[in-house]
Structure formats: structure tokens, C-alpha cells
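See below for the structure under consideration.
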Amino acid sequence: MKLGTENKKQVIAAACLGVVALIAIIYVISQLTGGSSPAPPPAPVITVAPTTGTTAPVGKAAHPIATTNGELDPTLKMDAMLTTEALEYSGGRNIFSRDSAPPIVVQKPIAPVHPVETAPIQTGPPPPPPPPSIELKFFGTFTRKDGVLHAYLLHGDDVFLAAPGDIVNRRYRVVAITQNTIKIEDIPNNNTQTLPLASF
């Protein structure tokens with residue numbers, strides 16, 4: 001029983017292989033003999049209706065603006081190819097080399113360049129320097145019995161007690177004294193300054 005079943009399976013497999021081989025042989029023969037292949041469908045003609053602002057009547061033919069693939073000529077134009085092959089490059093550099101750059105042409109100026117003249121800025125004379133500061137320190141007051149207010153002034157290590165009108169250190173005149181300020185005139189420089197009460 002098993003032997004018969006195996007023989008049937010082998011016969012069926014052999015039959016299938018034979019059918020496939022027959023189909024392959026028929027296909028190869030048809031290709032070698034130049035079998036006819038189905039022709040491609042023709043390309044449609046593209047047409048555009050005229051745009052005149054009025055509606056075209058029904059049934060009127062439109063103007064064709066394109067051609068089908070069958071009207072194209074695929075042959076090579078040998079005359080044009082031979083003409084382009086005969087052309088020779090006459091440029092001054094090798095277009096296939098990046099090291100061959102064209103020469104740089106520097107254009108000469110048409111007219112000499114003149115410097116732009118600017119008017120000098122009028123600054124005028126410099127301002128006079130500020131007067132020197134008075135080298136005195138006002139650090140206190142004292143009222144005498146006659147009611148005249150005196151001021152204590154310090155110049156370096158020297159201490160002066162001065163009333164209004166007194167001259168201190170042979171160059172400073174005391175103009176006026178209050179409890180918190182004193183007005184001093186620098187005689188050589190003709191300069192008057194007000195000194196505040198200094199705190200130590």
C-alpha cells in the first residue's frame with residue numbers, strides 16, 4: 001500500500017515539472033523567433049480650445065498644440081555632431097584645472113585722486129587753568145570778650161587764630177567768618193574761596 005502511494009506522488013510531481021518545462025521551452029522559442037509583442041497604445045493628442053472670450057460652437061475642432069510620439073525622429077544628426085567635434089577650445093586657461101585661474105587685470109584710475117580737504121576746526125584759545133586751592137583748614141571758632149568772632153586755621157603744622165581782615169601766612173586774607181564756614185582771599189592769585197568747617 002505504501003509503495004503505491006509513493007509511486008503516485010512521484011508521477012504527479014514529474015508531470016508538474018514536465019508542464020513547467022514545456023511552458024518555459026515555448027516562451028524561449030517565441031522570443032527567439034521574434035514573436036509579436038502588443039503595440040503600445042497611441043499617445044493622446046493634447047488640444048486646447050481657443051480663448052476668445054466667446055463660447056466656441058459645439059462640434060468645432062480645437063487647434064492642436066502638441067504632437068504624438070510617432071511624429072518624433074529618433075535618428076542622430078551626424079552633421080551637427082561632426083561640427084561640434086571640430087571645434088577647438090581657444091581660451092587662456094585650462095577649464096579642467098582649478099590651479100589655472102584667469103589673470104587679474106587691475107584697472108588704472110581715470111583721474112588722479114585728490115585728498116578731501118577739511119576746514120580746520122576753530123577751537124579758540126584754551127580756557128585758563130583753575131586757581132590753586134587754598135592750603136588752609138578751618139577747624140573751629142572763638143569769640144572774644146568784645147564779641148568779635150575769630151577762626152582757628154591750620155597750615156601744615158602751624159595753627160593761626162585770625163579775625164576778619166587779618167592776613168594769614170603772608171598771603172591769605174580772612175574776609176568773613178561764620179560758625180560753619182570761613183571766606184578766604186588768596187592775595188597773589190586774586191582768588192576768593194569759602195572753606196567749610198573741617199572735622200578731625
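Just remember, in the C-alpha cells the first chain shown is A, the second B, etc., residues are 1-based per chain, and ligands are 1-based in the order shown.
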
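Within stretch 138-167 of chain A, the backbone-based DSSP assignment of strand (DSSP E or B) covers Phe138, Phe139, Gly140, Thr141, Phe142, Thr143, Leu149, His150, Ala151, Tyr152, Leu153, Leu154, His155, Asp158, Val159, Phe160, Leu161, Ala162 and Ile167 of chain A.
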
Go ahead and save the residues from that selection, with C-alpha atoms, as an mmCIF file, in the first residue's frame.
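Everything below was put into result02.cif:
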data_model
loop_
_atom_site.group_PDB
_atom_site.id
_atom_site.type_symbol
_atom_site.label_atom_id
_atom_site.label_comp_id
_atom_site.auth_asym_id
_atom_site.auth_seq_id
_atom_site.Cartn_x
_atom_site.Cartn_y
_atom_site.Cartn_z
ATOM 1 C CA PHE A 138 39.179 125.757 59.159
ATOM 2 C CA PHE A 139 38.616 123.668 62.269
ATOM 3 C CA GLY A 140 36.921 125.919 64.839
ATOM 4 C CA THR A 141 35.843 129.387 66.071
ATOM 5 C CA PHE A 142 36.454 131.514 69.161
ATOM 6 C CA THR A 143 34.510 134.619 70.310
ATOM 7 C CA LEU A 149 34.431 136.030 66.068
ATOM 8 C CA HIS A 150 37.851 134.517 65.432
ATOM 9 C CA ALA A 151 38.725 131.375 63.473
ATOM 10 C CA TYR A 152 41.242 128.644 64.090
ATOM 11 C CA LEU A 153 43.161 127.890 60.877
ATOM 12 C CA LEU A 154 45.681 125.127 60.243
ATOM 13 C CA HIS A 155 48.519 125.333 57.678
ATOM 14 C CA ASP A 158 51.147 125.838 62.108
ATOM 15 C CA VAL A 159 47.954 126.967 63.901
ATOM 16 C CA PHE A 160 46.606 130.504 63.393
ATOM 17 C CA LEU A 161 43.915 132.432 65.266
ATOM 18 C CA ALA A 162 42.583 135.095 62.852
ATOM 19 C CA ILE A 167 46.418 138.133 56.893
#

*If you count only C-alpha atoms, which residues fall within 12 Å of stretch 191-194 of chain A, apart from same-chain ones fewer than 4 positions away, as a list in words?*
Pro130, Pro131, Pro132, Ser133, Ile134, Glu135, Leu136, Lys137, Phe138, Arg171, Tyr172, Arg173, Val174, Val175, Ala176, Ile177, Thr178, Asn180, Thr181, Ile182, Lys183, Ile184, Glu185, Asp186 and Ile187 of chain A

Emit the selected residues as a compact mmCIF listing (two decimals), in the first residue's frame, including N, CA and C atoms.
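Saved file result-v7.txt follows:
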# COMPACT_ATOMS: atom_id res chain seq x y z
N PRO A 130 42.35 126.49 36.36
CA PRO A 130 41.65 126.88 37.59
C PRO A 130 42.64 127.39 38.64
N PRO A 131 42.21 128.29 39.52
CA PRO A 131 43.12 128.81 40.55
C PRO A 131 43.51 127.70 41.53
N PRO A 132 44.69 127.82 42.10
CA PRO A 132 45.10 126.79 43.06
C PRO A 132 44.24 126.84 44.31
N SER A 133 44.07 125.68 44.90
CA SER A 133 43.26 125.61 46.12
C SER A 133 44.01 126.26 47.29
N ILE A 134 43.24 126.80 48.22
CA ILE A 134 43.83 127.45 49.41
C ILE A 134 44.25 126.37 50.40
N GLU A 135 45.51 126.43 50.82
CA GLU A 135 46.07 125.37 51.67
C GLU A 135 45.84 125.69 53.15
N LEU A 136 44.63 125.97 53.54
CA LEU A 136 44.27 126.22 54.94
C LEU A 136 43.11 125.31 55.31
N LYS A 137 43.04 124.93 56.58
CA LYS A 137 41.93 124.14 57.09
C LYS A 137 41.28 124.92 58.24
N PHE A 138 39.97 125.07 58.15
CA PHE A 138 39.18 125.76 59.16
C PHE A 138 38.59 124.70 60.10
N ARG A 171 49.88 135.56 52.88
CA ARG A 171 49.28 135.53 51.54
C ARG A 171 47.76 135.35 51.57
N TYR A 172 47.17 134.97 52.69
CA TYR A 172 45.73 134.74 52.76
C TYR A 172 45.08 135.79 53.65
N ARG A 173 44.01 136.44 53.18
CA ARG A 173 43.27 137.42 53.97
C ARG A 173 41.92 136.82 54.35
N VAL A 174 41.56 136.94 55.65
CA VAL A 174 40.27 136.46 56.13
C VAL A 174 39.23 137.51 55.79
N VAL A 175 38.21 137.14 55.00
CA VAL A 175 37.19 138.07 54.56
C VAL A 175 36.00 138.05 55.51
N ALA A 176 35.48 136.84 55.83
CA ALA A 176 34.31 136.74 56.71
C ALA A 176 34.36 135.39 57.42
N ILE A 177 33.75 135.36 58.65
CA ILE A 177 33.74 134.14 59.45
C ILE A 177 32.32 133.90 59.95
N THR A 178 31.85 132.65 59.81
CA THR A 178 30.60 132.21 60.44
C THR A 178 30.92 131.00 61.30
N ASN A 180 30.17 127.93 60.71
CA ASN A 180 30.44 126.72 59.93
C ASN A 180 31.32 126.96 58.70
N THR A 181 31.52 128.19 58.28
CA THR A 181 32.33 128.46 57.09
C THR A 181 33.21 129.67 57.34
N ILE A 182 34.22 129.80 56.48
CA ILE A 182 35.10 130.97 56.50
C ILE A 182 35.46 131.31 55.06
N LYS A 183 35.44 132.61 54.74
CA LYS A 183 35.77 133.06 53.39
C LYS A 183 37.19 133.62 53.40
N ILE A 184 38.05 133.03 52.55
CA ILE A 184 39.47 133.37 52.50
C ILE A 184 39.79 133.90 51.10
N GLU A 185 40.64 134.96 51.05
CA GLU A 185 41.10 135.50 49.77
C GLU A 185 42.57 135.16 49.58
N ASP A 186 42.88 134.56 48.44
CA ASP A 186 44.27 134.28 48.07
C ASP A 186 44.79 135.54 47.37
N ILE A 187 45.61 136.31 48.03
CA ILE A 187 46.01 137.63 47.54
C ILE A 187 46.83 137.55 46.26

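Computed from the coordinates, the atom CA of A:Val168 to atom CA of A:Leu195 distance equals 14.3 Å.
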
*Find the distance between atom CA of A:Ala198 and atom CA of A:Asp157 and write it in Å to one decimal.*
15.5 Å

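Rounded to one decimal, atom CA of A:Arg144 and atom CA of A:Pro164 lie 12.8 Å from each other.
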